[in-house]
Every structure is written in structure tokens, then in C-alpha cells.
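I have placed the structure first, in the form of C-alpha cells, so that the comments after it can refer back to it.
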Amino acid sequence: MWEQIRVNKRNSVLLLGAMALALAALGFVLGMAFGGPDGGFIGLIVATAVWLVLMLISFASGDKILLASSKAVPVTHDVHPQLFNVVEEMKIAANLPKMPDIYIINEAAPNAFATGRSPESASVAVTAGLLAKLNRDELQGVIAHEVSHIVNRDILFVTLAGVMLGSIVLLSQVFLRSMWYGGMGPSRRYSSRSSSNQGGAQIVFVIIALVAAILAPIMAQLLYFALSRRREYLADAGAVRLTRYPEGLASALEKIASDRTPLKAANKVTAPMYISNPFRALKAENLYSTHPPIEERIRILRAMSHGASFKDYSDAYSRTVGGSGVIPAREARHAEPVELRQPSAESKPQEDRKRQIHDIGDIIRTVNRFAFLTCACGIKMKVPPGFKGDKVKCPRCGRISSVHT
Amino acid sequence: MWPLLIIGVIVLVAIVALIGIYNALVRLRNQVDNAWSQIDVQLKRRHDLIPNLVETAKGYMQHERQTFESITQARSQAMGAKTVEQASRAEGMLSDALSKFMLVVENYPELKANQNFLALQEELTSTENKIAFARQGYNDQVLFYNNKIQMFPSNVVAGMFNFTKRDFFEIENAAEREVPKVSFS
């Protein structure tokens, strides 16, 4: 486990260094475009300031912002006992120092993510759609994947890299928009108070800056996505090791892949945090993918028939995808045997689309503190939390029930 | 003078080593105890859930007295277990009784649809998973501790201060223990 974290750390430092360099270069070039040769350092300072501000915000309350922007609601054991239990099981299996906070996102698209800077302050968020569609073993697989991200400290990396990427995107956008709306604003302003000769040099700076502003975010994204893909494999391997049941995660991924409901609460920067790329429905798998092809992840998991250790995952990867595998060699070699287990005996009537949609509605209402009342005629009434008064009339039989709070 | 000084140094080194080894053993033993308490919490939770489960199920399955009796009996045995070894055996029997009970439940669709029963079943499943996951950690600690008190030089200190071997916690179930009968007739 430590070997893997160490390798991850080294790659992360390299990646973050490269992104910092890109950010600095972008700031310098943009500064030159705005203020001529002397503007370079001012640009550098502005870029650093933008980075610093975003960094402070994300460290102080990054997880809260992310959870809020995904419209995630914190829940207790009573709202969804199974989710709560599964997270606690994985906490015990992974030996986390503290129980992660649990959130439910009120959306029908099945997906999940983990956040928080350290295992001591981690949160796990799942969508209502995920809870309605998956059975216990599948949910356990997904939660184990998220807990593996927490254990591997992937969240810290995603936060750091996300801030870097965010600064780069922000700077380029501000520049490109000022060019677009201002109609070559910076160069005109500059040339009005300088000789035409310098104005010519200024145009060259502007062109360089334009190219940089267009290319930098693309390069930064490619770097960001390449490493986050690798982390997904590691988290899958970690999940199998925790649950000892690869089929759970495999069939969960299958169900998630077959669902085409878009996730409204996700955006470009938060995409790598989810278990499955929320934009998958919109474009093909390519260099921009934050996640490995989901079909490939399923194939690897299904090829694990002997055991659940990192070595078994690595072997399955070599057999299905080829190459030396994604698990660091030293980690794979001294792997201890981990036996697979049997599926748990829980039969949940599945694949009933209508029932699932109904369940999603119920979960969302529970999260939003609706009260559930069962009338004597058998109909279930949902009372919104802001309901005034203490009596409701049944829409079918007309009986009056009292609302208990 | 010199021989006395040398003996003094040797005794001092021995005392420091003794303290070090003793502290290491105490730390390991505490870790084993801590790991066990993690399992114990879950075992107690399981024992608490069973009366509710039986109570809920009784209304639906009047003709399964024997099943209920075997569960209740296995539970009281498990609650009376004093050592890890006794607990291993008793919890195994309780697991057997519960899985037999769950098989019988399959014949009662109304019970399976009962919300209260479903909630209890979920809690029980989760508790059993937690026991299984906590067991791995406990057994690792026990292996480490047992190795330490059997190996030189810590075995000398362990003998002096009465550090004893700890048992592994294995929930054995009868089905796995029995040798499958092969018949050629």
C-alpha cells in the first residue's frame, strides 16, 4: 500500500510542477501582451495571485464548495441505513481513522465521488439514482472505490491539480474574452501611447499570448486527465482488495455505463472526482477522458478469478489490456493472498425501471425531509417539510390524517 | 574496580533492553485487545439484533418453532463465551442457525416484504460484514504478537512477565467443516 502511495506522490509532484510551469509561462506571456516587455513580471505576479487565492479558498473550504455546487445534502443513518452501513463496513476494512461524512446528491444519474484533503476529513457523496439502481454488493463496490481514493490520498492531488487547472483556464478565459469584446483592446491601448515600431512588436506578443491562451488549458487538461486515469485503475484494485468481491464493482460499473442520464451538477474540473466520467454520454473516449474506458475496467474486474490482491488485479490487467500493468512492481510482488468471497444473500427486485424511478423520488424526498404518511386506504402520502397545519386529506379516499412531526 | 564497572555496564544494558522489550510487548498486547474490542462491539450488536428479528418473524411463521429455538440457544451460548476460542465456535454455530433461518424465510413472502424485517435483515448483514472485515485486522495483530512472544529474545521477557499466546478468531461454519460425502452407489 505504501509503495503505491509513494509512486503516486512522485508522479503527482511532477505533474503539479509541470502545471505550475505552464501557469507561470501563461502569466508571463499574457502580461507581455497587455503591458509590453515590462508587463511579463506583472503578469507573473497576477498569475501567482490568482493561484494563491484559489488555493486558499480550496484548502479552507474546497470540499464544502464542491459538495454545495453538486447540491449534495448531508444525511444520517435513518435516511438510508444501507448506505450508512456499507460506508462503515469499508471504514473498518480500510482501517480509516474516522468515519467519512456521507452526502446524497438529488439526481437520477448514478454516480459517486469522494472529497476531503485527508483520511481524517473525508466525505463520500452518492446520487439518489445510484442508491436506487444498485444492490448491496454493487453499492459496496462503489463505496470501496471511493474509500480507496481516500486511502490513496487522490483527493488531495485532484484538489491541487484542479486549482492549477482552474487558474490556467480562468486566466486564458479572461484574456480571450477581453480580446473578443475589447476588439484587440490591449494592443490598441498600448500603441496609442507609443511609437508604431513598438506597436508592431506588441502585435507579435499578442499573437503569442493568443496561442498560449488557447493551448495552455488544453495541455494542462491532458496532463491532468492522464494521471487521473491511472488513479482510477488503482482505486478499482483497492476496491476489490477491500471487498474481496470484484463482481460487485464490475456489475455496478456496468449499470452506471448503461445509464445515459446526464449528471447536471458536474463540471470540467470536478469530473475526475466521480467514479464514472459524468460527461461520458456527450463525447467519445479519447485523450480528454478523465477515466479509463468503463468497458475495459469491467473486463479487468471480471478477469479476476483467483484472488483479490493487488497482484491479482495486475495480472488481470496484463491478460485483458496487455502491458506491464498499472500497479507498481514492488507492490505487486510481495502481495499477500486475499481470497475472494461469495455474493451476499440479498435479492433486491431489480431492473424494474418504473420502480427505480419511484425509489429515486422517495430517496430524494427523504433527503429533503419530507414526511411519509400511510393512509388507512393504503396510499402513501408525501408531505413537504414546509407544510403548514397538522392535517392532510387523502387524495383517494378523502380520510383526514394528522401530520406527526 | 574494573570488573565491577564492566558488570555494572552489562547489567545496565540488560535492564534497558528489558524495559524496551517489555514496553514493545505491552504495546502489541494492547493492539490485540483493541482489535478484539472492535469485533466485540459488532458481536454484541449482532446478539442485540436477534431478539428483534425473532419477534418480528414469529407473527408470520408459527410452524417454525425449532428454527427459533436453535437461534435462541446459539445466541445465549455465544453471549456466554468467555474466551476467543469459545467465541469462535459459538459465533460459528450462531451463523449457521441464522443462515438456516434465512433459508426458511424464503418460504414466507409476506415476511420478506415486511419493512421492519427488511431493516433488521440489513442491519444483520452489515454487522456480519463488519465482523468479517474487523476479523482480518484482529488476526493480523494476533499473528504479529504471537510471533513476538515466541521469538528470541522477546520470548524470555514474555516468559518472565507471563505474556500468553492469543487465539485467532475464525468463524467456522459447520457446512465448511464437514467433509463432503462421496457415494458411488
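Ordering of the C-alpha cells sets the chain letters (A, B, ...); residue numbers start at 1 within each chain; ligands are numbered from 1 in the order shown.
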Could you tell me which residues of chain A sit within 8 Å of chain B when counting only C-alpha atoms, and give me the result as a PyMOL selection string? chain A and resi 81-82+85-86+88-89+92-93
Please run DSSP on the backbone and report, as JSON, numbers by chain, all residues within segment 4-179 of chain B that come out as helix (DSSP H, G or I). {"B": [4, 5, 6, 7, 8, 9, 10, 11, 12, 13, 14, 15, 16, 17, 18, 19, 20, 21, 22, 23, 24, 25, 26, 27, 28, 29, 30, 31, 32, 33, 34, 35, 36, 37, 38, 39, 40, 41, 42, 43, 44, 45, 46, 47, 48, 49, 50, 51, 52, 53, 54, 55, 56, 57, 58, 65, 66, 67, 68, 69, 70, 71, 72, 73, 74, 75, 76, 77, 78, 79, 84, 85, 86, 87, 88, 89, 90, 91, 92, 93, 94, 95, 96, 97, 98, 99, 100, 101, 102, 103, 104, 105, 109, 110, 111, 112, 113, 115, 116, 117, 118, 119, 120, 121, 122, 123, 124, 125, 126, 127, 128, 129, 130, 131, 132, 133, 134, 135, 136, 137, 138, 139, 140, 141, 142, 143, 144, 145, 146, 147, 148, 149, 150, 154, 155, 156, 157, 158, 159, 160, 174, 175, 176, 177]}
Name the residues in contact with Pro110 of chain A at a cut-off of 9 Å, using only C-alpha atoms, excluding same-chain residues fewer than 6 positions from it; report them as a list in words.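 Within the cut-off, the hits are Val126, Thr127, Ala128, Gly129, Leu130, Leu131, Ala132, Lys133, Leu134, Lys255, Ile256, Asp259, Thr261, Leu263 and Ser276 of chain A.
Residues in contact with Phe169 of chain B at 9 Å, where only C-alpha atoms are counted and same-chain residues fewer than 6 positions away are skipped, are listed as Trp36, Val84, Glu85, Ala87, Ser88, Arg135, Gln136, Tyr138 and Asn139 of chain B.
Within segment 64-183 of chain A, residues classed as strand (DSSP E or B) by DSSP on backbone coordinates are A:Ala72, A:Val73, A:Pro74, A:Asp101, A:Ile102, A:Tyr103, A:Ile104, A:Ile105, A:Ala112, A:Phe113, A:Ala114, A:Thr115, A:Ser123, A:Val124, A:Ala125, A:Val126, A:Thr127.
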One-decimal distance in Å that lies between atom CA of Asn52 of chain B and atom CA of Lys82 of chain B: 24.2 Å
Hey, which of B:Glu69, B:Glu106, B:Asp140, B:Glu170 ends up closest to Gln31 of chain B? Count only C-alpha atoms. B:Asp140
Find the residues near Met79 of chain B: any atom within 9 Å, counting only C-alpha atoms, skip ones fewer than 6 places away on the same chain, and give them as a VMD selection string. chain B and resid 43 to 44 47 87 90 to 91
For Lys165 of chain B: contacts at 8 Å, only C-alpha atoms, fewer than 5 positions along chain excluded, given as a list of chain:residue names: B:Tyr145, B:Asn146, B:Ile149
Neighbours of segment 156-170 of chain A within 10 Å (only C-alpha atoms; same-chain residues fewer than 5 positions away dropped), as a PyMOL selection string? chain A and resi 8-9+12-13+15-17+19-20+22-24+26-27+47-59+62-63+115-118+149-150+175-176+213-214+216-221+223-224+227-228+268-270+272-273
Dump of N, CA and C atoms for the selected residues, as a short mmCIF file (atom, residue, chain, number, x, y, z; two decimals), in the first residue's frame:
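result-v3.cif was written with the following content:
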```cif
data_model
loop_
_atom_site.label_atom_id
_atom_site.label_comp_id
_atom_site.auth_asym_id
_atom_site.auth_seq_id
_atom_site.Cartn_x
_atom_site.Cartn_y
_atom_site.Cartn_z
N ASN A 8 2.59 7.28 -6.50
CA ASN A 8 1.57 8.28 -6.80
C ASN A 8 2.06 9.68 -6.46
N LYS A 9 2.71 9.77 -5.28
CA LYS A 9 3.17 11.05 -4.80
C LYS A 9 4.18 11.65 -5.76
N SER A 12 2.60 12.81 -8.89
CA SER A 12 1.80 13.99 -8.63
C SER A 12 2.67 15.23 -8.56
N VAL A 13 3.83 15.10 -7.89
CA VAL A 13 4.72 16.25 -7.76
C VAL A 13 5.19 16.69 -9.15
N LEU A 15 3.69 16.22 -12.02
CA LEU A 15 2.56 16.79 -12.75
C LEU A 15 2.27 18.21 -12.26
N LEU A 16 2.27 18.37 -10.93
CA LEU A 16 1.96 19.68 -10.38
C LEU A 16 3.03 20.68 -10.77
N GLY A 17 4.29 20.22 -10.81
CA GLY A 17 5.40 21.08 -11.25
C GLY A 17 5.17 21.54 -12.68
N MET A 19 2.39 21.74 -14.31
CA MET A 19 1.25 22.65 -14.40
C MET A 19 1.62 24.03 -13.87
N ALA A 20 2.41 24.07 -12.79
CA ALA A 20 2.84 25.35 -12.24
C ALA A 20 3.65 26.11 -13.28
N ALA A 22 3.45 25.79 -16.54
CA ALA A 22 2.54 26.24 -17.59
C ALA A 22 1.81 27.50 -17.15
N LEU A 23 1.41 27.50 -15.88
CA LEU A 23 0.68 28.66 -15.34
C LEU A 23 1.59 29.90 -15.35
N ALA A 24 2.85 29.72 -14.91
CA ALA A 24 3.79 30.83 -14.85
C ALA A 24 4.05 31.36 -16.26
N LEU A 26 2.20 31.12 -18.91
CA LEU A 26 0.99 31.77 -19.41
C LEU A 26 0.87 33.18 -18.85
N GLY A 27 1.09 33.31 -17.53
CA GLY A 27 1.01 34.62 -16.88
C GLY A 27 2.00 35.59 -17.49
N ALA A 47 -0.72 36.00 -12.09
CA ALA A 47 -0.99 34.56 -12.18
C ALA A 47 -0.81 33.91 -10.81
N THR A 48 0.28 34.28 -10.12
CA THR A 48 0.54 33.71 -8.80
C THR A 48 -0.56 34.10 -7.82
N ALA A 49 -1.00 35.37 -7.94
CA ALA A 49 -2.04 35.83 -7.03
C ALA A 49 -3.34 35.06 -7.24
N VAL A 50 -3.69 34.85 -8.52
CA VAL A 50 -4.91 34.09 -8.84
C VAL A 50 -4.80 32.69 -8.25
N TRP A 51 -3.63 32.07 -8.46
CA TRP A 51 -3.41 30.72 -7.96
C TRP A 51 -3.53 30.69 -6.43
N LEU A 52 -2.89 31.69 -5.79
CA LEU A 52 -2.86 31.72 -4.33
C LEU A 52 -4.27 31.85 -3.76
N VAL A 53 -5.05 32.75 -4.38
CA VAL A 53 -6.41 32.97 -3.88
C VAL A 53 -7.24 31.69 -4.02
N LEU A 54 -7.18 31.08 -5.23
CA LEU A 54 -7.93 29.84 -5.44
C LEU A 54 -7.48 28.75 -4.48
N MET A 55 -6.16 28.71 -4.25
CA MET A 55 -5.58 27.70 -3.39
C MET A 55 -6.10 27.86 -1.95
N LEU A 56 -6.07 29.10 -1.47
CA LEU A 56 -6.52 29.35 -0.10
C LEU A 56 -7.99 28.98 0.04
N ILE A 57 -8.78 29.37 -0.96
CA ILE A 57 -10.21 29.06 -0.90
C ILE A 57 -10.40 27.55 -0.87
N SER A 58 -9.68 26.86 -1.75
CA SER A 58 -9.94 25.42 -1.86
C SER A 58 -9.43 24.67 -0.64
N PHE A 59 -8.37 25.19 -0.02
CA PHE A 59 -7.90 24.49 1.19
C PHE A 59 -8.78 24.78 2.39
N GLY A 62 -12.66 23.88 0.25
CA GLY A 62 -12.83 23.28 -1.07
C GLY A 62 -13.87 22.18 -1.09
N ASP A 63 -13.82 21.31 -0.08
CA ASP A 63 -14.77 20.18 -0.09
C ASP A 63 -16.19 20.67 0.10
N THR A 115 -14.45 13.29 -1.35
CA THR A 115 -13.69 14.53 -1.25
C THR A 115 -13.14 14.70 0.16
N GLY A 116 -12.32 15.75 0.34
CA GLY A 116 -11.65 15.96 1.63
C GLY A 116 -10.16 15.78 1.45
N ARG A 117 -9.37 16.54 2.23
CA ARG A 117 -7.94 16.55 1.97
C ARG A 117 -7.20 15.36 2.58
N SER A 118 -7.72 14.81 3.67
CA SER A 118 -7.00 13.72 4.32
C SER A 118 -8.02 12.69 4.78
N HIS A 149 -9.85 5.85 -2.98
CA HIS A 149 -9.37 7.19 -3.33
C HIS A 149 -8.95 7.93 -2.07
N ILE A 150 -9.74 7.79 -1.01
CA ILE A 150 -9.42 8.47 0.25
C ILE A 150 -8.09 7.94 0.80
N PHE A 175 -8.44 36.53 -20.68
CA PHE A 175 -7.68 37.14 -21.77
C PHE A 175 -8.45 37.04 -23.09
N LEU A 176 -8.92 35.83 -23.40
CA LEU A 176 -9.60 35.61 -24.68
C LEU A 176 -10.86 36.47 -24.76
N ALA A 213 -2.84 31.22 -24.73
CA ALA A 213 -4.11 31.18 -24.01
C ALA A 213 -5.00 30.05 -24.52
N ILE A 214 -4.83 29.71 -25.81
CA ILE A 214 -5.64 28.62 -26.37
C ILE A 214 -5.02 27.26 -26.02
N ALA A 216 -2.55 26.45 -23.55
CA ALA A 216 -2.22 26.11 -22.15
C ALA A 216 -3.31 25.30 -21.46
N PRO A 217 -4.57 25.74 -21.56
CA PRO A 217 -5.60 24.95 -20.88
C PRO A 217 -5.69 23.53 -21.45
N ILE A 218 -5.47 23.40 -22.76
CA ILE A 218 -5.57 22.07 -23.38
C ILE A 218 -4.46 21.16 -22.86
N MET A 219 -3.23 21.70 -22.83
CA MET A 219 -2.09 20.91 -22.34
C MET A 219 -2.30 20.53 -20.88
N ALA A 220 -2.74 21.51 -20.10
CA ALA A 220 -2.92 21.26 -18.66
C ALA A 220 -3.98 20.18 -18.44
N GLN A 221 -5.02 20.24 -19.26
CA GLN A 221 -6.08 19.23 -19.12
C GLN A 221 -5.57 17.84 -19.47
N LEU A 223 -2.55 16.66 -19.23
CA LEU A 223 -1.72 16.17 -18.13
C LEU A 223 -2.58 15.68 -16.97
N TYR A 224 -3.55 16.52 -16.64
CA TYR A 224 -4.44 16.25 -15.52
C TYR A 224 -5.19 14.95 -15.73
N LEU A 227 -3.08 11.45 -15.61
CA LEU A 227 -2.79 10.88 -14.30
C LEU A 227 -4.04 10.42 -13.58
N SER A 228 -5.14 11.13 -13.82
CA SER A 228 -6.34 10.71 -13.08
C SER A 228 -6.87 9.39 -13.63
N LYS A 268 -16.26 20.55 -15.73
CA LYS A 268 -14.97 20.08 -16.24
C LYS A 268 -13.97 19.76 -15.13
N VAL A 269 -13.91 20.62 -14.14
CA VAL A 269 -12.87 20.47 -13.12
C VAL A 269 -13.23 19.37 -12.12
N THR A 270 -14.51 19.22 -11.81
CA THR A 270 -14.88 18.21 -10.82
C THR A 270 -15.05 16.83 -11.44
N PRO A 272 -13.09 14.54 -12.79
CA PRO A 272 -12.25 13.41 -12.40
C PRO A 272 -12.58 12.84 -11.03
N MET A 273 -13.37 13.53 -10.24
CA MET A 273 -13.65 13.05 -8.90
C MET A 273 -14.70 11.96 -8.88
#
```
Between atom CA of Pro97 of chain A and atom CA of Thr243 of chain A, what is the spacing in Å?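 Separating atom CA of Thr243 of chain A from atom CA of Pro97 of chain A is a distance of 18.3 Å.
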Between atom CA of Val142 of chain B and atom CA of Gly20 of chain B, measure the distance and give it in Å to one decimal.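 Taking atom CA of Val142 of chain B as the start and atom CA of Gly20 of chain B as the end point, the length is 20.0 Å.
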